[in-house]
Amino acid sequence: MIKELTCICCPMGCSLKAEVNEKGEVVSVKGNNCVRGENYAKTELTAPVRIVTTTVIARSGEPVPVKTEKAVAKDKIFDVVNNIKSVKIDLPVKMGDVIIENVSDTGVNVVSTRSVE
Amino acid sequence: MNDHSLIIIGGGPAGMAAALAAKKAGIDDLLILERDSRLGGILNQCIHNGFGLHTFKEELTGPEYAERYANMIKQEQIPYELNTMVLSVECLKDSNKKAITVISSKRGVQTIYAKAVVLAMGCRERPRGALNIPGYRPQGVYTAGTAQKLINLEGANIGKEVVILGSGDIGLIMARRMTLEGAHVAAVAELMPYSSGLKRNIVQCLDDYNIPLLLSHTVVDIKGKEKLEGVYIAKVDKNLQPIEETKEYYPCDTLLLSCGLIPENELSVDGGVEIDPRTNGAYVDESLETSVEGVFSCGNVLHVHDLVDFVSEESARAGESAARYILNGKKPIKETIEIKTGNGVRYTVPYKINVDSADELTHIRFRVSGVYKNTSIVIKSGEKELMRKKSMILVPSEMVDLVLKKSKLEEADEAITIFIEEASQ
């Protein structure tokens, strides 16, 4: 199967055509102008990951910005966001404080990105 | 107490970087004035990641980038006043001192004085009024940054069915943000045939969530009197004129506008600073000094940046220049070279260079006026070529940073021109 995607490694934004076999492995990549495009297509088509950022509303009503400490699987994004939305936290928090451990079984922690008094 | 060496207007990334650099260069008597209730400026509401790859060699969110700088400010014991609005900056003719009139609950209205000033007020969004969209003024139309502030800093819920006009980065980021908040983003309409946002944002904010990007489209009408009910989007022709037959209705309760940023220079203009109509920022020389002696400008108030890392770097140079001015006085100006823009170059910062007082390396930053593939950036002085750099791709959304050696500048005997040389075929 041929999958099409846009490389994001630089502003060139090469249109990539990647051939994927039945096992989901990337067999070949075309359309890239450099090696980064090939690597990007391989990761993006086999295990795409994203850092998720959103806010947690503290009991006082103040939003606290948070992020996943590492990138999580792309198809887990909504799961992660919903989990973050469901927690209630108390202030103060410091930048880097763990808000949720191992969110949605991703093995990744959600941490605060700002100190809020 | 109301007389300082250096006053920095704005406590965002530009102001903080300028203050840290000035302090490092030996200026202890400095003060940052910030109108918001915390340091960090717009970074505080930019909760997404992607900041700091150059500065900190890691990918941070906006609040983290801001807090790291704010911590350095506190560590260096650099004084700052929050909730303080600067009303005017004036250069006193007799003493060359700058009179800065401020208002705050602590001070009331007061005038304070400084030998030098760094302007670091940032920019603001182009509002609906500047966009000529017909229709009523219903509730539900926001600039993308206002929506970002309401959601990320105030925890507000602003709408469920969203259309975004303009594909600037804030618009793209907000498309994802609104989606994660449970809204449905029907489309992002962009007037130009290319996006003004970064590729990475188009993929990670739109493609990831199947949000269509309609290039060469614009909003031609807004429906709803009290509350927004929907918008009409039409395709535009080569002259950017809407094509009536392509008009399509999108019901929505929220319209976000991401149509460009404008440096906030009212203070600068009132203070006599000359503004470059190409950037809406001050005309500056290589030291980032404006047309008013001892007044420097940096960050988004000088020209709109796409990377905060570039803001920090540039602002540190403004802070160093201000320190040098305070410690050594006015620099001797012998030979000034003007920088002219040629094919494909929309503007340059600086617009002139004092060769004698220039540092070993001079940064020249500019944006291109279109998409250029496989070209060369060329700097010439008359017929003499000073620099040539190959480039695979140049796009208007990414600022170019050229570094020119002093030895090269010294070779120039007349104005230099920067242009994009397209391959002859």
# chains A, B, ... in the order shown; residues from 1 in each chain; ligands from 1
call {"tool": "residues_around", "arguments": {"residues": "Lys373 of chain B", "least_positions_apart": "2", "cutoff": "10 Å", "atoms": "only C-alpha atoms", "output": "ChimeraX atom specification"}}
result
/A:12 /B:370-371,375-376,391-395,422-423
call {"tool": "write_last_selection", "arguments": {"atoms": "C-alpha atoms", "output": "mmCIF file, in the first residue's frame"}}
result
data_model
loop_
_atom_site.group_PDB
_atom_site.id
_atom_site.type_symbol
_atom_site.label_atom_id
_atom_site.label_comp_id
_atom_site.auth_asym_id
_atom_site.auth_seq_id
_atom_site.Cartn_x
_atom_site.Cartn_y
_atom_site.Cartn_z
ATOM 1 C CA MET A 12 10.580 22.353 2.190
ATOM 2 C CA GLY B 370 7.256 34.303 -1.700
ATOM 3 C CA VAL B 371 8.225 30.644 -1.825
ATOM 4 C CA THR B 375 18.007 29.504 -4.976
ATOM 5 C CA SER B 376 20.942 31.480 -3.596
ATOM 6 C CA SER B 391 19.217 27.604 -0.054
ATOM 7 C CA MET B 392 16.959 24.656 -0.790
ATOM 8 C CA ILE B 393 13.862 26.452 0.371
ATOM 9 C CA LEU B 394 12.867 29.925 1.524
ATOM 10 C CA VAL B 395 9.329 30.686 2.691
ATOM 11 C CA GLU B 422 16.770 32.243 -8.888
ATOM 12 C CA ALA B 423 18.330 29.544 -11.045
#
call {"tool": "closest_atom_pairs", "arguments": {"of": "segment 249-303 of chain B", "to": "segment 168-179 of chain B", "cutoff": "10 Å", "atoms": "only C-alpha atoms", "output": "tab-separated table"}}
result
residue	atom	partner	partner_atom	distance
B:Leu256	CA	B:Gly171	CA	7.2
B:Leu257	CA	B:Gly171	CA	7.0
B:Ser258	CA	B:Gly171	CA	4.9
B:Cys259	CA	B:Gly168	CA	6.4
B:Gly260	CA	B:Gly168	CA	6.7
B:Leu261	CA	B:Gly168	CA	9.1
call {"tool": "residues_around", "arguments": {"residues": "Glu4 of chain A", "least_positions_apart": "3", "cutoff": "12 Å", "atoms": "only C-alpha atoms", "output": "PyMOL selection string"}}
result
(chain A and resi 1+7+14-20+26+28-32+41-42+44-45) or (chain B and resi 207)
call {"tool": "write_last_selection", "arguments": {"atoms": "C-alpha atoms", "output": "PDB file, in the first residue's frame"}}
result
ATOM      1  CA  MET A   1       0.000   0.000   0.000  1.00  0.00           C
ATOM      2  CA  CYS A   7       7.648  15.770   5.782  1.00  0.00           C
ATOM      3  CA  CYS A  14       8.450  17.336   0.788  1.00  0.00           C
ATOM      4  CA  SER A  15       5.437  15.304  -0.294  1.00  0.00           C
ATOM      5  CA  LEU A  16       6.439  11.757   0.541  1.00  0.00           C
ATOM      6  CA  LYS A  17       5.073   8.556  -0.934  1.00  0.00           C
ATOM      7  CA  ALA A  18       5.875   5.576   1.239  1.00  0.00           C
ATOM      8  CA  GLU A  19       5.283   1.962   0.351  1.00  0.00           C
ATOM      9  CA  VAL A  20       4.029  -0.016   3.329  1.00  0.00           C
ATOM     10  CA  VAL A  26       7.889   0.888   5.413  1.00  0.00           C
ATOM     11  CA  SER A  28      10.463   2.422   0.392  1.00  0.00           C
ATOM     12  CA  VAL A  29      10.117   6.202   0.525  1.00  0.00           C
ATOM     13  CA  LYS A  30       9.920   8.469  -2.515  1.00  0.00           C
ATOM     14  CA  GLY A  31       9.641  12.236  -2.929  1.00  0.00           C
ATOM     15  CA  ASN A  32      12.134  13.156  -0.209  1.00  0.00           C
ATOM     16  CA  ALA A  41       8.213   8.611   7.031  1.00  0.00           C
ATOM     17  CA  LYS A  42       9.392   5.469   8.821  1.00  0.00           C
ATOM     18  CA  GLU A  44       5.487   8.566  11.318  1.00  0.00           C
ATOM     19  CA  LEU A  45       3.992   5.523   9.586  1.00  0.00           C
TER      20      LEU A  45
ATOM     21  CA  ASP B 207      -3.658  16.998   9.453  1.00  0.00           C
TER      22      ASP B 207
END
call {"tool": "closest_atom_pairs", "arguments": {"of": "segment 243-282 of chain B", "to": "segment 303-327 of chain B", "cutoff": "12 Å", "atoms": "only C-alpha atoms", "output": "CSV"}}
result
residue,atom,partner,partner_atom,distance
B:Gly260,CA,B:Val304,CA,9.2
B:Leu261,CA,B:Val304,CA,6.9
B:Ile262,CA,B:Val304,CA,7.3
B:Pro263,CA,B:His303,CA,6.6
B:Glu264,CA,B:His303,CA,10.0
B:Asn265,CA,B:His303,CA,10.6
B:Ile275,CA,B:His303,CA,10.7
B:Asp276,CA,B:His303,CA,9.6
B:Pro277,CA,B:His303,CA,10.8
B:Arg278,CA,B:His303,CA,9.2
B:Thr279,CA,B:His303,CA,5.5
B:Asn280,CA,B:His303,CA,7.1
B:Gly281,CA,B:His303,CA,5.5
B:Ala282,CA,B:His303,CA,8.2
call {"tool": "closest_atom_pairs", "arguments": {"of": "chain B", "to": "chain A", "cutoff": "9 Å", "atoms": "only C-alpha atoms", "output": "tab-separated table"}}
result
residue	atom	partner	partner_atom	distance
B:Asn44	CA	A:Arg114	CA	8.5
B:Gln45	CA	A:Pro65	CA	8.8
B:Ile47	CA	A:Pro65	CA	6.1
B:His48	CA	A:Thr53	CA	5.5
B:Asn49	CA	A:Thr53	CA	7.2
B:Leu60	CA	A:Thr113	CA	8.7
B:Thr61	CA	A:Thr113	CA	7.0
B:Gly62	CA	A:Thr113	CA	8.4
B:Pro63	CA	A:Arg114	CA	5.7
B:Glu64	CA	A:Thr113	CA	5.5
B:Ala66	CA	A:Arg114	CA	8.9
B:Glu67	CA	A:Arg114	CA	7.0
B:Ile151	CA	A:Pro63	CA	8.5
B:Asn152	CA	A:Pro63	CA	6.7
B:Leu153	CA	A:Pro63	CA	6.1
B:Glu154	CA	A:Pro63	CA	6.5
B:Gly155	CA	A:Pro63	CA	5.4
B:Arg177	CA	A:Thr54	CA	7.7
B:Leu180	CA	A:Val81	CA	6.9
B:Glu181	CA	A:Val81	CA	8.5
B:Leu198	CA	A:Pro11	CA	7.1
B:Lys199	CA	A:Ile8	CA	5.9
B:Arg200	CA	A:Ile8	CA	4.9
B:Asn201	CA	A:Ile8	CA	8.6
B:Ile202	CA	A:Ile8	CA	8.9
B:Val203	CA	A:Thr6	CA	7.3
B:Gln204	CA	A:Arg50	CA	8.3
B:Asp208	CA	A:Lys74	CA	8.4
B:Lys373	CA	A:Met12	CA	8.0
B:Met392	CA	A:Met12	CA	7.4
B:Ile393	CA	A:Met12	CA	5.6
B:Leu394	CA	A:Pro11	CA	7.6
B:Val395	CA	A:Pro11	CA	7.2
B:Ser397	CA	A:Pro11	CA	8.8
B:Glu398	CA	A:Pro11	CA	7.9
call {"tool": "write_last_selection", "arguments": {"atoms": "C-alpha atoms", "output": "CSV table (one decimal), in the first residue's frame"}}
result
chain,number,residue,atom,x,y,z
B,44,ASN,CA,2.4,32.4,29.3
B,45,GLN,CA,-0.5,31.6,27.1
B,47,ILE,CA,1.1,26.3,26.5
B,48,HIS,CA,2.1,24.2,23.5
B,49,ASN,CA,5.7,22.8,23.0
B,60,LEU,CA,9.9,23.4,26.1
B,61,THR,CA,6.4,24.8,26.3
B,62,GLY,CA,5.9,28.6,26.4
B,63,PRO,CA,5.3,28.8,30.2
B,64,GLU,CA,8.5,26.8,30.8
B,66,ALA,CA,9.2,32.1,30.3
B,67,GLU,CA,9.7,30.7,33.8
B,151,ILE,CA,-8.9,29.2,27.2
B,152,ASN,CA,-5.3,28.8,28.5
B,153,LEU,CA,-5.1,31.6,31.1
B,154,GLU,CA,-8.7,32.0,32.2
B,155,GLY,CA,-10.0,28.5,31.8
B,177,ARG,CA,-6.3,23.5,21.1
B,180,LEU,CA,-8.6,19.0,22.3
B,181,GLU,CA,-11.1,21.1,24.3
B,198,LEU,CA,5.0,26.5,9.9
B,199,LYS,CA,4.8,23.2,8.0
B,200,ARG,CA,5.1,21.3,11.3
B,201,ASN,CA,2.0,23.1,12.6
B,202,ILE,CA,0.0,22.3,9.6
B,203,VAL,CA,0.8,18.6,10.0
B,204,GLN,CA,0.5,18.4,13.8
B,208,ASP,CA,-3.5,15.1,12.8
B,373,LYS,CA,13.1,26.7,-4.1
B,392,MET,CA,17.0,24.7,-0.8
B,393,ILE,CA,13.9,26.5,0.4
B,394,LEU,CA,12.9,29.9,1.5
B,395,VAL,CA,9.3,30.7,2.7
B,397,SER,CA,6.8,32.2,7.3
B,398,GLU,CA,10.5,31.5,8.3
call {"tool": "atom_distance", "arguments": {"atom1": "atom CA of Gly52 of chain B", "atom2": "atom CA of Asn157 of chain B"}}
result
29.0 Å
call {"tool": "residues_around", "arguments": {"residues": "Ala358 of chain B", "least_positions_apart": "3", "cutoff": "12 Å", "atoms": "only C-alpha atoms", "output": "ChimeraX atom specification"}}
result
/B:285-288,317,321,331-337,350,352-355,361-363,404-410
call {"tool": "residues_around", "arguments": {"residues": "segment 69-72 of chain A", "least_positions_apart": "4", "cutoff": "7 Å", "atoms": "only C-alpha atoms", "output": "NGL selection string"}}
result
:A and (49-51 or 76 or 106 or 108-111)
call {"tool": "atom_distance", "arguments": {"atom1": "atom CA of Thr341 of chain B", "atom2": "atom CA of Glu190 of chain B"}}
result
27.0 Å
call {"tool": "closest_residue", "arguments": {"among": "B:Leu213, B:Ile73, B:Leu206, B:Val86", "to": "Pro193 of chain B", "atoms": "only C-alpha atoms"}}
result
B:Leu213
call {"tool": "select_by_dssp", "arguments": {"residues": "chain A", "states": "helix (DSSP H, G or I)", "output": "list in words"}}
result
Val35, Arg36, Gly37, Glu38, Asn39, Tyr40, Ala41, Lys42, Thr43, Glu44, Leu45, Thr46, Lys74, Asp75, Lys76, Ile77, Phe78, Asp79, Val80, Val81, Asn82, Asn83, Ile84, Lys85, Ser86, Val103, Ser104 and Asp105 of chain A
call {"tool": "residues_around", "arguments": {"residues": "Ser291 of chain B", "least_positions_apart": "4", "cutoff": "9 Å", "atoms": "only C-alpha atoms", "output": "PDB file with N, CA and C atoms, in the first residue's frame"}}
result
ATOM      1  N   GLY B 272       9.313  59.698  19.049  1.00  0.00           N
ATOM      2  CA  GLY B 272      10.114  60.213  17.945  1.00  0.00           C
ATOM      3  C   GLY B 272      10.896  59.147  17.194  1.00  0.00           C
ATOM      4  N   VAL B 273      10.627  57.878  17.483  1.00  0.00           N
ATOM      5  CA  VAL B 273      11.343  56.801  16.799  1.00  0.00           C
ATOM      6  C   VAL B 273      10.768  56.632  15.391  1.00  0.00           C
ATOM      7  N   GLU B 274      11.641  56.596  14.403  1.00  0.00           N
ATOM      8  CA  GLU B 274      11.171  56.430  13.023  1.00  0.00           C
ATOM      9  C   GLU B 274      10.848  54.969  12.738  1.00  0.00           C
ATOM     10  N   ILE B 275       9.710  54.766  12.071  1.00  0.00           N
ATOM     11  CA  ILE B 275       9.212  53.405  11.840  1.00  0.00           C
ATOM     12  C   ILE B 275       9.392  53.008  10.371  1.00  0.00           C
ATOM     13  N   ALA B 282      10.771  49.695  14.354  1.00  0.00           N
ATOM     14  CA  ALA B 282      11.698  50.814  14.226  1.00  0.00           C
ATOM     15  C   ALA B 282      12.761  50.537  13.161  1.00  0.00           C
ATOM     16  N   TYR B 283      13.242  51.614  12.556  1.00  0.00           N
ATOM     17  CA  TYR B 283      14.471  51.520  11.766  1.00  0.00           C
ATOM     18  C   TYR B 283      15.614  51.380  12.758  1.00  0.00           C
ATOM     19  N   VAL B 284      16.423  50.333  12.642  1.00  0.00           N
ATOM     20  CA  VAL B 284      17.561  50.194  13.561  1.00  0.00           C
ATOM     21  C   VAL B 284      18.848  49.961  12.778  1.00  0.00           C
ATOM     22  N   ASP B 285      19.967  50.291  13.441  1.00  0.00           N
ATOM     23  CA  ASP B 285      21.264  49.971  12.844  1.00  0.00           C
ATOM     24  C   ASP B 285      21.726  48.614  13.378  1.00  0.00           C
ATOM     25  N   VAL B 295      18.030  54.788  22.444  1.00  0.00           N
ATOM     26  CA  VAL B 295      16.796  53.986  22.480  1.00  0.00           C
ATOM     27  C   VAL B 295      16.967  52.801  21.537  1.00  0.00           C
ATOM     28  N   PHE B 296      16.844  51.600  22.093  1.00  0.00           N
ATOM     29  CA  PHE B 296      17.074  50.372  21.340  1.00  0.00           C
ATOM     30  C   PHE B 296      15.756  49.600  21.217  1.00  0.00           C
TER      31      PHE B 296
END
call {"tool": "closest_residue", "arguments": {"among": "A:Val87, A:Val80, A:Val27, A:Ala47", "to": "Ile99 of chain A", "atoms": "only C-alpha atoms"}}
result
A:Val87
call {"tool": "residues_around", "arguments": {"residues": "Val368 of chain B", "least_positions_apart": "6", "cutoff": "6 Å", "atoms": "only C-alpha atoms", "output": "PDB file with C-alpha atoms, in the first residue's frame"}}
result
ATOM      1  CA  GLY B 344      12.476  38.441  -3.158  1.00  0.00           C
ATOM      2  CA  VAL B 345      13.615  40.221   0.018  1.00  0.00           C
ATOM      3  CA  ARG B 346      10.814  42.068   1.779  1.00  0.00           C
ATOM      4  CA  PRO B 396       7.717  33.875   4.029  1.00  0.00           C
TER       5      PRO B 396
END
call {"tool": "select_by_dssp", "arguments": {"residues": "segment 234-369 of chain B", "states": "strand (DSSP E or B)", "output": "ChimeraX atom specification"}}
result
/B:234-236,242,248-251,254-257,261-263,275-276,281-282,289,295-297,336-341,345-349,352-354,361-368
call {"tool": "write_last_selection", "arguments": {"atoms": "N, CA and C atoms", "output": "short mmCIF file (atom, residue, chain, number, x, y, z; two decimals), in the first residue's frame"}}
result
data_model
loop_
_atom_site.label_atom_id
_atom_site.label_comp_id
_atom_site.auth_asym_id
_atom_site.auth_seq_id
_atom_site.Cartn_x
_atom_site.Cartn_y
_atom_site.Cartn_z
N ALA B 234 -15.53 31.83 0.55
CA ALA B 234 -15.46 31.73 -0.91
C ALA B 234 -14.01 31.59 -1.34
N LYS B 235 -13.83 30.97 -2.51
CA LYS B 235 -12.52 30.88 -3.12
C LYS B 235 -12.16 32.26 -3.68
N VAL B 236 -10.87 32.57 -3.75
CA VAL B 236 -10.48 33.85 -4.36
C VAL B 236 -9.69 33.58 -5.64
N PRO B 242 -12.82 37.51 -4.18
CA PRO B 242 -13.70 36.35 -3.97
C PRO B 242 -14.49 36.00 -5.24
N GLU B 248 -19.70 29.30 0.09
CA GLU B 248 -20.26 28.16 0.81
C GLU B 248 -20.52 28.56 2.26
N TYR B 249 -21.63 28.05 2.82
CA TYR B 249 -22.01 28.44 4.19
C TYR B 249 -21.46 27.45 5.22
N TYR B 250 -20.85 27.95 6.26
CA TYR B 250 -20.37 27.14 7.37
C TYR B 250 -21.07 27.60 8.65
N PRO B 251 -22.02 26.80 9.15
CA PRO B 251 -22.62 27.19 10.43
C PRO B 251 -21.56 27.09 11.53
N THR B 254 -18.19 30.14 16.57
CA THR B 254 -16.92 30.79 16.86
C THR B 254 -16.13 31.00 15.56
N LEU B 255 -15.64 32.22 15.38
CA LEU B 255 -14.74 32.52 14.27
C LEU B 255 -13.45 33.08 14.86
N LEU B 256 -12.35 32.39 14.58
CA LEU B 256 -11.06 32.89 15.07
C LEU B 256 -10.31 33.54 13.92
N LEU B 257 -9.67 34.66 14.20
CA LEU B 257 -8.92 35.40 13.19
C LEU B 257 -7.43 35.28 13.47
N LEU B 261 0.36 39.77 12.65
CA LEU B 261 0.72 40.45 13.89
C LEU B 261 1.34 41.80 13.54
N ILE B 262 1.09 42.77 14.40
CA ILE B 262 1.61 44.11 14.16
C ILE B 262 2.41 44.56 15.38
N PRO B 263 3.68 44.94 15.19
CA PRO B 263 4.46 45.45 16.32
C PRO B 263 3.72 46.61 17.00
N ILE B 275 9.71 54.77 12.07
CA ILE B 275 9.21 53.41 11.84
C ILE B 275 9.39 53.01 10.37
N ASP B 276 9.86 51.78 10.17
CA ASP B 276 10.02 51.21 8.84
C ASP B 276 8.66 50.66 8.39
N GLY B 281 8.06 48.17 12.47
CA GLY B 281 8.96 48.28 13.62
C GLY B 281 9.93 49.42 13.37
N ALA B 282 10.77 49.70 14.35
CA ALA B 282 11.70 50.81 14.23
C ALA B 282 12.76 50.54 13.16
N GLU B 289 20.01 50.05 17.64
CA GLU B 289 19.66 51.39 18.11
C GLU B 289 18.71 52.02 17.10
N VAL B 295 18.03 54.79 22.44
CA VAL B 295 16.80 53.99 22.48
C VAL B 295 16.97 52.80 21.54
N PHE B 296 16.84 51.60 22.09
CA PHE B 296 17.07 50.37 21.34
C PHE B 296 15.76 49.60 21.22
N SER B 297 15.67 48.75 20.21
CA SER B 297 14.44 48.00 20.00
C SER B 297 14.77 46.55 19.67
N THR B 336 28.68 54.73 7.21
CA THR B 336 27.43 53.98 7.34
C THR B 336 27.08 53.38 5.98
N ILE B 337 26.78 52.08 6.01
CA ILE B 337 26.37 51.41 4.78
C ILE B 337 24.88 51.11 4.86
N GLU B 338 24.17 51.47 3.84
CA GLU B 338 22.75 51.17 3.80
C GLU B 338 22.56 49.75 3.26
N ILE B 339 21.54 49.06 3.75
CA ILE B 339 21.21 47.74 3.20
C ILE B 339 19.96 47.87 2.35
N LYS B 340 20.08 47.55 1.08
CA LYS B 340 18.93 47.64 0.18
C LYS B 340 18.37 46.24 -0.07
N THR B 341 17.07 46.19 -0.35
CA THR B 341 16.46 44.89 -0.63
C THR B 341 16.29 44.72 -2.13
N VAL B 345 13.36 39.87 -1.38
CA VAL B 345 13.62 40.22 0.02
C VAL B 345 12.68 41.35 0.43
N ARG B 346 11.85 41.09 1.43
CA ARG B 346 10.81 42.07 1.78
C ARG B 346 11.36 43.21 2.63
N TYR B 347 12.25 42.88 3.55
CA TYR B 347 12.84 43.91 4.42
C TYR B 347 14.10 43.34 5.02
N THR B 348 14.91 44.17 5.62
CA THR B 348 16.02 43.66 6.43
C THR B 348 16.06 44.40 7.76
N VAL B 349 16.49 43.71 8.79
CA VAL B 349 16.80 44.32 10.09
C VAL B 349 18.22 43.92 10.39
N LYS B 352 20.69 49.63 8.20
CA LYS B 352 22.00 50.21 7.90
C LYS B 352 23.03 49.70 8.90
N ILE B 353 24.28 49.78 8.52
CA ILE B 353 25.36 49.26 9.37
C ILE B 353 26.46 50.31 9.50
N ASN B 354 26.87 50.60 10.75
CA ASN B 354 28.04 51.44 10.98
C ASN B 354 29.24 50.51 11.02
N LEU B 361 30.81 39.90 14.11
CA LEU B 361 29.75 39.27 13.33
C LEU B 361 28.50 40.14 13.39
N THR B 362 27.93 40.44 12.22
CA THR B 362 26.70 41.21 12.17
C THR B 362 25.56 40.32 11.69
N HIS B 363 24.49 40.32 12.46
CA HIS B 363 23.31 39.56 12.03
C HIS B 363 22.44 40.42 11.12
N ILE B 364 22.05 39.86 10.00
CA ILE B 364 21.07 40.52 9.15
C ILE B 364 19.88 39.58 9.04
N ARG B 365 18.73 40.05 9.47
CA ARG B 365 17.54 39.19 9.44
C ARG B 365 16.55 39.72 8.43
N PHE B 366 15.91 38.82 7.72
CA PHE B 366 14.91 39.27 6.74
C PHE B 366 13.89 38.18 6.45
N ARG B 367 12.84 38.59 5.77
CA ARG B 367 11.86 37.62 5.27
C ARG B 367 11.76 37.75 3.76
N VAL B 368 11.44 36.62 3.12
CA VAL B 368 11.26 36.64 1.68
C VAL B 368 9.79 36.90 1.36
#
